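The file target23.csv comes next; it holds CSV, C-alpha atoms.
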```csv
chain,number,residue,atom,x,y,z
A,1,MET,CA,110.2,92.0,95.1
A,2,GLU,CA,109.6,94.1,98.2
A,3,LYS,CA,112.6,95.4,100.2
A,4,PHE,CA,112.4,97.6,103.2
A,5,ASN,CA,115.6,97.9,105.1
A,6,TYR,CA,115.8,100.1,108.2
A,7,ALA,CA,118.8,101.3,110.2
A,8,LYS,CA,119.1,103.8,113.1
A,9,SER,CA,121.9,106.0,114.3
A,10,ALA,CA,122.3,109.4,116.0
A,11,ASP,CA,118.5,109.4,116.5
A,12,ILE,CA,117.9,109.3,112.8
A,13,LEU,CA,115.9,106.4,111.2
A,14,SER,CA,117.0,105.5,107.7
A,15,LEU,CA,115.0,103.5,105.2
A,16,SER,CA,116.2,102.0,101.9
A,17,ALA,CA,113.3,100.6,100.0
A,18,SER,CA,112.5,98.9,96.7
A,19,PHE,CA,109.1,97.7,95.5
A,20,THR,CA,106.7,97.4,92.6
A,21,ASP,CA,103.2,96.4,93.9
A,22,PHE,CA,103.2,97.5,97.5
A,23,THR,CA,101.0,100.5,98.5
A,24,TYR,CA,101.4,102.5,101.7
A,25,LYS,CA,98.1,103.3,103.3
A,26,LYS,CA,97.4,106.9,104.3
A,27,HIS,CA,99.5,107.8,107.3
A,28,CYS,CA,101.9,110.4,108.8
A,29,HIS,CA,105.0,110.5,110.9
A,30,GLU,CA,105.9,112.6,113.9
A,31,GLU,CA,109.3,113.2,112.4
A,32,TYR,CA,110.3,115.2,109.3
A,33,ALA,CA,110.9,112.9,106.4
A,34,VAL,CA,113.4,113.7,103.6
A,35,GLY,CA,114.2,111.3,100.8
A,36,VAL,CA,115.5,110.8,97.3
A,37,THR,CA,114.0,108.7,94.5
A,38,LEU,CA,116.8,106.6,93.0
A,39,ARG,CA,114.8,104.8,90.3
A,40,GLY,CA,111.3,104.9,88.8
A,41,ILE,CA,108.5,107.3,89.6
A,42,GLN,CA,107.2,107.5,93.2
A,43,GLN,CA,103.6,108.7,93.4
A,44,TYR,CA,101.6,109.7,96.4
A,45,ASN,CA,98.7,111.9,97.6
A,46,LEU,CA,99.9,114.5,100.0
A,47,GLU,CA,97.1,116.1,101.9
A,48,GLY,CA,94.8,115.7,98.8
A,49,SER,CA,97.4,116.9,96.3
A,50,PHE,CA,98.9,114.3,93.8
A,51,GLN,CA,102.7,114.2,93.7
A,52,ALA,CA,105.1,112.3,91.5
A,53,SER,CA,108.9,112.1,92.3
A,54,HIS,CA,111.1,111.1,89.4
A,55,LYS,CA,114.7,110.0,89.6
A,56,ASN,CA,116.8,112.4,91.8
A,57,GLY,CA,113.7,114.0,93.1
A,58,VAL,CA,114.1,115.1,96.8
A,59,MET,CA,110.9,114.4,98.7
A,60,LEU,CA,110.1,116.6,101.7
A,61,PHE,CA,107.5,115.8,104.3
A,62,ASN,CA,106.5,118.0,107.1
A,63,ARG,CA,105.8,116.4,110.5
A,64,GLU,CA,102.3,115.0,110.8
A,65,GLN,CA,101.7,115.5,107.0
A,66,TYR,CA,99.4,112.7,105.7
A,67,HIS,CA,100.3,110.8,102.6
A,68,ASP,CA,100.1,107.4,101.0
A,69,GLY,CA,102.6,106.0,98.4
A,70,SER,CA,103.1,103.6,95.5
A,71,SER,CA,105.0,103.0,92.3
A,72,TYR,CA,103.7,104.8,89.2
A,73,ASP,CA,104.0,101.7,87.1
A,74,ARG,CA,105.3,98.1,86.9
A,75,GLU,CA,108.9,99.2,86.6
A,76,GLY,CA,108.9,99.8,90.4
A,77,ILE,CA,110.9,102.3,92.5
A,78,ASP,CA,114.0,102.5,94.6
A,79,TYR,CA,114.4,105.3,97.1
A,80,VAL,CA,115.9,106.2,100.5
A,81,MET,CA,114.2,108.1,103.3
A,82,LEU,CA,115.4,109.7,106.5
A,83,TYR,CA,113.1,110.3,109.5
A,84,ILE,CA,114.5,113.2,111.6
A,85,LYS,CA,113.1,114.3,114.9
A,86,PRO,CA,111.9,117.9,115.1
A,87,ASP,CA,114.1,118.8,118.1
A,88,LEU,CA,117.3,117.9,116.1
A,89,PHE,CA,116.4,120.4,113.3
A,90,ALA,CA,115.4,123.0,116.0
A,91,GLU,CA,118.8,122.6,117.7
A,92,ILE,CA,120.6,123.0,114.4
A,93,LEU,CA,118.5,126.0,113.3
A,94,GLY,CA,118.6,127.9,116.6
A,95,GLY,CA,115.0,127.1,117.5
A,96,GLN,CA,113.5,127.7,114.1
A,97,GLU,CA,110.8,125.2,113.0
A,98,LEU,CA,110.9,124.0,109.4
A,99,ARG,CA,107.9,124.1,107.2
A,100,PHE,CA,108.4,122.8,103.7
A,101,THR,CA,106.4,124.6,101.1
A,102,SER,CA,107.6,122.5,98.1
A,103,PRO,CA,106.9,118.8,98.4
A,104,ILE,CA,109.4,117.8,95.7
A,105,VAL,CA,112.6,119.6,94.6
A,106,TYR,CA,115.4,118.7,92.3
A,107,ASP,CA,118.5,119.9,94.0
A,108,ALA,CA,121.8,118.0,93.5
A,109,ASP,CA,123.5,119.3,96.7
A,110,LEU,CA,120.5,118.5,98.8
A,111,ALA,CA,120.1,115.0,97.3
A,112,SER,CA,123.8,114.3,97.7
A,113,CYS,CA,123.7,115.3,101.4
A,114,ILE,CA,120.7,113.1,102.1
A,115,LEU,CA,122.3,110.1,100.4
A,116,SER,CA,125.6,110.6,102.2
A,117,LEU,CA,123.8,110.8,105.6
A,118,ASN,CA,121.8,107.7,104.7
A,119,GLN,CA,125.0,105.8,103.8
A,120,SER,CA,126.8,107.0,107.0
A,121,ILE,CA,123.9,105.6,109.1
A,122,ARG,CA,123.8,102.3,107.2
A,123,ASN,CA,127.6,101.8,107.4
A,124,GLY,CA,127.5,102.4,111.2
A,125,THR,CA,129.9,105.3,110.8
A,126,ASP,CA,130.6,107.2,114.0
A,127,ASN,CA,127.9,109.6,115.2
A,128,ALA,CA,130.2,112.6,114.8
A,129,TRP,CA,130.3,112.3,111.0
A,130,SER,CA,126.5,111.6,110.9
A,131,SER,CA,125.9,114.7,113.1
A,132,GLU,CA,128.1,116.8,110.8
A,133,LEU,CA,126.1,115.7,107.7
A,134,LEU,CA,122.8,116.4,109.5
A,135,PHE,CA,124.1,119.9,110.4
A,136,ARG,CA,124.9,120.4,106.7
A,137,LEU,CA,121.5,119.1,105.7
A,138,GLY,CA,119.7,121.5,108.1
A,139,GLY,CA,121.7,124.4,106.6
A,140,LEU,CA,120.9,123.5,103.1
A,141,LEU,CA,117.2,123.3,103.9
A,142,SER,CA,117.1,126.6,105.8
A,143,GLU,CA,119.0,128.4,103.0
A,144,THR,CA,116.4,127.7,100.3
A,145,GLU,CA,112.9,128.8,99.6
A,146,ILE,CA,111.5,125.6,101.0
A,147,ALA,CA,111.7,126.6,104.7
A,148,ALA,CA,109.1,128.8,106.3
A,149,PRO,CA,107.6,129.4,109.7
A,150,ARG,CA,105.4,126.4,110.8
A,151,ARG,CA,101.7,127.1,110.8
A,152,LYS,CA,99.8,126.5,114.0
A,153,ASN,CA,97.3,123.7,114.1
A,154,ASN,CA,93.7,124.6,114.4
A,155,ALA,CA,92.9,124.8,118.1
A,156,PHE,CA,90.1,122.4,117.9
A,157,VAL,CA,92.2,119.7,116.2
A,158,GLN,CA,95.1,120.3,118.5
A,159,LYS,CA,93.0,119.8,121.6
A,160,ALA,CA,91.4,116.7,120.1
A,161,LYS,CA,94.8,115.3,119.3
A,162,GLU,CA,96.0,115.9,122.8
A,163,MET,CA,93.0,114.1,124.3
A,164,MET,CA,93.5,111.1,122.0
A,165,ASN,CA,97.2,111.0,122.7
A,166,SER,CA,96.6,111.0,126.5
A,167,HIS,CA,94.6,107.7,126.1
A,168,ILE,CA,96.7,106.0,123.4
A,169,ASP,CA,96.8,102.7,125.3
A,170,GLN,CA,93.0,102.4,125.2
A,171,VAL,CA,90.3,102.2,122.5
A,172,LEU,CA,89.1,105.4,120.8
A,173,LYS,CA,86.4,106.9,123.0
A,174,LEU,CA,84.6,108.9,120.4
A,175,ASP,CA,81.6,109.7,122.6
A,176,ASP,CA,83.8,111.4,125.2
A,177,LEU,CA,85.5,113.5,122.5
A,178,CYS,CA,82.1,114.5,121.1
A,179,GLN,CA,80.8,115.5,124.5
A,180,GLU,CA,83.9,117.6,125.2
A,181,PHE,CA,83.3,119.7,122.0
A,182,GLY,CA,79.5,119.7,122.1
A,183,LEU,CA,79.3,117.9,118.7
A,184,SER,CA,77.5,114.9,117.5
A,185,LYS,CA,79.6,111.9,116.4
A,186,TYR,CA,79.4,112.7,112.7
A,187,GLN,CA,79.9,116.5,113.2
A,188,PHE,CA,83.1,115.7,115.2
A,189,ILE,CA,84.4,113.3,112.5
A,190,ARG,CA,83.6,115.8,109.7
A,191,GLU,CA,85.2,118.8,111.5
A,192,PHE,CA,88.3,116.8,112.5
A,193,LYS,CA,88.8,115.4,109.0
A,194,SER,CA,88.3,118.8,107.4
A,195,HIS,CA,91.1,120.4,109.5
A,196,ALA,CA,93.5,117.4,109.9
A,197,GLY,CA,93.0,115.7,106.6
A,198,ILE,CA,92.4,112.3,108.2
A,199,SER,CA,89.6,110.8,110.3
A,200,PRO,CA,89.9,110.6,114.1
A,201,TYR,CA,90.2,106.8,114.0
A,202,GLN,CA,93.0,106.9,111.4
A,203,PHE,CA,94.8,109.5,113.5
A,204,PHE,CA,94.4,107.5,116.7
A,205,LEU,CA,95.6,104.3,115.0
A,206,ASN,CA,98.5,106.0,113.4
A,207,CYS,CA,99.6,107.3,116.8
A,208,LYS,CA,99.3,103.8,118.4
A,209,VAL,CA,101.5,102.3,115.7
A,210,GLU,CA,104.1,105.2,116.1
A,211,ARG,CA,104.2,104.7,119.9
A,212,ALA,CA,104.6,100.9,119.5
A,213,LYS,CA,107.5,101.5,117.1
A,214,GLN,CA,109.2,103.8,119.6
A,215,ALA,CA,108.7,101.3,122.4
A,216,ILE,CA,110.2,98.5,120.2
A,217,GLU,CA,113.2,100.7,119.5
A,218,ARG,CA,113.7,101.3,123.2
A,219,SER,CA,113.1,97.9,124.7
A,220,ARG,CA,113.2,95.4,121.8
A,221,ASP,CA,110.1,93.8,123.5
A,222,ILE,CA,107.5,93.4,120.8
A,223,TYR,CA,104.9,91.8,123.1
A,224,ALA,CA,105.1,94.6,125.6
A,225,ALA,CA,104.4,97.1,122.8
A,226,VAL,CA,101.3,95.1,121.8
A,227,ALA,CA,100.0,95.1,125.4
A,228,ASP,CA,101.0,98.7,126.3
A,229,TYR,CA,99.4,100.3,123.3
A,230,GLY,CA,96.1,98.3,123.2
A,231,PHE,CA,96.6,96.0,120.2
A,232,ALA,CA,94.5,92.8,120.3
A,233,ASP,CA,97.6,90.7,119.5
A,234,LEU,CA,100.8,90.7,117.5
A,235,THR,CA,98.9,90.0,114.2
A,236,HIS,CA,96.9,93.1,114.8
A,237,LEU,CA,100.0,95.3,115.3
A,238,ASN,CA,101.8,93.7,112.4
A,239,ARG,CA,99.0,94.3,110.0
A,240,HIS,CA,98.9,98.1,110.7
A,241,PHE,CA,102.6,98.4,111.1
A,242,LYS,CA,103.2,96.9,107.6
A,243,SER,CA,100.7,99.4,106.1
A,244,MET,CA,102.8,102.3,107.4
A,245,PHE,CA,106.4,100.9,107.2
A,246,GLY,CA,106.3,98.2,104.6
A,247,ILE,CA,107.4,95.5,107.0
A,248,THR,CA,105.9,93.9,110.1
A,249,ALA,CA,106.8,95.1,113.6
A,250,TYR,CA,108.7,91.8,114.2
A,251,GLU,CA,110.7,92.3,111.0
A,252,TYR,CA,111.4,95.9,112.1
A,253,MET,CA,112.7,94.7,115.5
A,254,SER,CA,114.9,92.1,113.8
A,255,GLN,CA,116.5,94.8,111.6
A,256,LEU,CA,117.4,97.0,114.6
A,257,SER,CA,118.9,94.2,116.7
```

Output the file's structure as structure tokens, nothing else.
Amino acid sequence: MEKFNYAKSADILSLSASFTDFTYKKHCHEEYAVGVTLRGIQQYNLEGSFQASHKNGVMLFNREQYHDGSSYDREGIDYVMLYIKPDLFAEILGGQELRFTSPIVYDADLASCILSLNQSIRNGTDNAWSSELLFRLGGLLSETEIAAPRRKNNAFVQKAKEMMNSHIDQVLKLDDLCQEFGLSKYQFIREFKSHAGISPYQFFLNCKVERAKQAIERSRDIYAAVADYGFADLTHLNRHFKSMFGITAYEYMSQLS
């Protein structure tokens, strides 16, 4: 049985999930993602490197780090995940940007803090307590070997991403991008994927879904999100939303109401 329960508080999105057969397609998030495997073995490819998180494993995803995800076997997995905006960590750490160098660690204090913050969000505890737990989490991360200065994106990829983001409500105009960089279509796809770890189309679609999710959080108007971000219809959005978040956009909106 699949279970994907979302809750949001103090600008942190919490996910409690349980599944056996479901598989996340390759995607990324604009936020940092930190989570704990509660049961089973969670496997995923992280930028081409195979990872397996066992019970009590703390999973650490940098922003815009591409990955998929599934259960290792038929026993299934239970886990929690927190999605935290970069500016929150930057404020806690005095402007420092986190860059996780270890994708999975086994640290009891870190796991306990993540689980406590997840529970606080799900219980609707006042924001002051959630903020205190987030501050403690930032401190735990910055005190370990897993925090390092964030590497700059390749200039070519960064400019291409900015161009795509500026037209996120339209279809991907690959010819315009190729002309800007003086590359053929296949040269551009090859160069972008070699630096970003994902194809231009996958990146563009990922951004469209992320923007639609943010719009739904703000307005609770799912059809406006469909129209504003260039999806053919709700079915189109739901299909891609589910591949990234485990549930449809409509189900997600219902959980946040």

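The residue that comes closest to Phe4 of chain A, out of A:Tyr79, A:Trp129, A:Asp21, A:Ala227 and on the basis of all atoms listed in the file, is A:Tyr79.
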
Would you list the contacts of segment 164-175 of chain A as a VMD selection string, taking every protein, DNA or RNA residue within 9 Å and counting all atoms listed in the file, but skipping same-chain residues closer than 2 positions in sequence?
chain A and resid 159 to 162 177 to 180 184 to 185 188 200 to 201 203 to 205 207 to 208 211 227 to 231

Contacts of segment 216-220 of chain A at 10 Å (all atoms listed in the file; same-chain gap of 5+ positions) as a short mmCIF file (atom, residue, chain, number, x, y, z; two decimals) with C-alpha atoms, keeping the file's coordinate frame:
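The resulting file, around-v4.cif, is reproduced below:
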```cif
data_model
loop_
_atom_site.label_atom_id
_atom_site.label_comp_id
_atom_site.auth_asym_id
_atom_site.auth_seq_id
_atom_site.Cartn_x
_atom_site.Cartn_y
_atom_site.Cartn_z
CA LYS A 8 119.10 103.80 113.10
CA GLU A 210 104.10 105.20 116.10
CA ARG A 211 104.20 104.70 119.90
CA ALA A 225 104.40 97.10 122.80
CA VAL A 226 101.30 95.10 121.80
CA ALA A 249 106.80 95.10 113.60
CA TYR A 250 108.70 91.80 114.20
CA TYR A 252 111.40 95.90 112.10
CA MET A 253 112.70 94.70 115.50
CA SER A 254 114.90 92.10 113.80
CA LEU A 256 117.40 97.00 114.60
CA SER A 257 118.90 94.20 116.70
#
```

Show me the residues close to (105.4, 121.1, 97.1) - anything with an atom within 9 Å, counting all atoms listed in the file - and format the list as a compact mmCIF listing (two decimals) with C-alpha atoms, in the coordinates of the input.
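Once written, part.txt looks like this:
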```
# COMPACT_ATOMS: atom_id res chain seq x y z
CA GLN A 51 102.70 114.20 93.70
CA MET A 59 110.90 114.40 98.70
CA LEU A 60 110.10 116.60 101.70
CA PHE A 100 108.40 122.80 103.70
CA THR A 101 106.40 124.60 101.10
CA SER A 102 107.60 122.50 98.10
CA PRO A 103 106.90 118.80 98.40
CA ILE A 104 109.40 117.80 95.70
CA VAL A 105 112.60 119.60 94.60
CA ILE A 146 111.50 125.60 101.00
```

So, counting only C-alpha atoms, which residue among A:Met1, A:Gln255, A:Ala7, A:Gly197 is closest to Ser120 of chain A?
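The closest residue to Ser120 of chain A is A:Ala7.
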
In terms of only C-alpha atoms, the residue from A:Phe156, A:Phe50, A:Tyr24, A:Tyr186 at minimal distance from Met244 of chain A is A:Tyr24

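The gap separating atom CA of Asp11 of chain A from atom CA of Leu117 of chain A is 12.2 Å, in Å to one decimal.
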
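One finds atom CA of Gln202 of chain A at 21.5 Å from atom CA of Gly182 of chain A.
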
Please identify all polymer residues within 12 Å of Ser116 of chain A, counting only C-alpha atoms, omitting same-chain residues fewer than 5 positions from it, and present them as JSON, numbers by chain.
{"A": [14, 35, 36, 80, 81, 82, 109, 110, 111, 121, 122, 123, 125, 129, 130, 131, 132, 133, 134, 136, 137]}

Output for the residues just chosen: C-alpha atoms as a PDB file, in the coordinates of the input:
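result-v2.pdb written:
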```
ATOM      1  CA  SER A  14     117.000 105.500 107.700  1.00  0.00           C
ATOM      2  CA  GLY A  35     114.200 111.300 100.800  1.00  0.00           C
ATOM      3  CA  VAL A  36     115.500 110.800  97.300  1.00  0.00           C
ATOM      4  CA  VAL A  80     115.900 106.200 100.500  1.00  0.00           C
ATOM      5  CA  MET A  81     114.200 108.100 103.300  1.00  0.00           C
ATOM      6  CA  LEU A  82     115.400 109.700 106.500  1.00  0.00           C
ATOM      7  CA  ASP A 109     123.500 119.300  96.700  1.00  0.00           C
ATOM      8  CA  LEU A 110     120.500 118.500  98.800  1.00  0.00           C
ATOM      9  CA  ALA A 111     120.100 115.000  97.300  1.00  0.00           C
ATOM     10  CA  ILE A 121     123.900 105.600 109.100  1.00  0.00           C
ATOM     11  CA  ARG A 122     123.800 102.300 107.200  1.00  0.00           C
ATOM     12  CA  ASN A 123     127.600 101.800 107.400  1.00  0.00           C
ATOM     13  CA  THR A 125     129.900 105.300 110.800  1.00  0.00           C
ATOM     14  CA  TRP A 129     130.300 112.300 111.000  1.00  0.00           C
ATOM     15  CA  SER A 130     126.500 111.600 110.900  1.00  0.00           C
ATOM     16  CA  SER A 131     125.900 114.700 113.100  1.00  0.00           C
ATOM     17  CA  GLU A 132     128.100 116.800 110.800  1.00  0.00           C
ATOM     18  CA  LEU A 133     126.100 115.700 107.700  1.00  0.00           C
ATOM     19  CA  LEU A 134     122.800 116.400 109.500  1.00  0.00           C
ATOM     20  CA  ARG A 136     124.900 120.400 106.700  1.00  0.00           C
ATOM     21  CA  LEU A 137     121.500 119.100 105.700  1.00  0.00           C
TER      22      LEU A 137
END
```

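With all atoms listed in the file taken into account, the protein and nucleic acid residues at most 8 Å from Glu64 of chain A (excluding it and anything under 6 positions from it in its own chain) are A:Cys28, A:His29, A:Glu30, A:Glu31.
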
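Taking atom CA of Ile247 of chain A and atom CA of Tyr72 of chain A as endpoints, the distance between them is 20.4 Å.
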
Measuring between only C-alpha atoms, which one of A:Leu93, A:Ala10, A:Ile77, A:Leu46 shows the shortest distance to Glu143 of chain A?
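Of all the options, A:Leu93 lies closest to Glu143 of chain A.
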
Choose the residue, out of A:Glu47, A:Val58, A:Lys85, A:Ala108, that has the smallest atom-to-atom separation from Ser194 of chain A; count only C-alpha atoms.
A:Glu47

Excluding Gly94 of chain A and its own-chain neighbours fewer than 4 positions away, which residues fall within 12 Å of it when counting all atoms listed in the file? Please give them as a PyMOL selection string.
chain A and resi 87-90+98+135+138-139+142

Calculated over all atoms listed in the file, which of the candidates A:Val157, A:Asn62, A:Lys213, A:Ile12 has the smallest distance to Gly124 of chain A?
A:Ile12
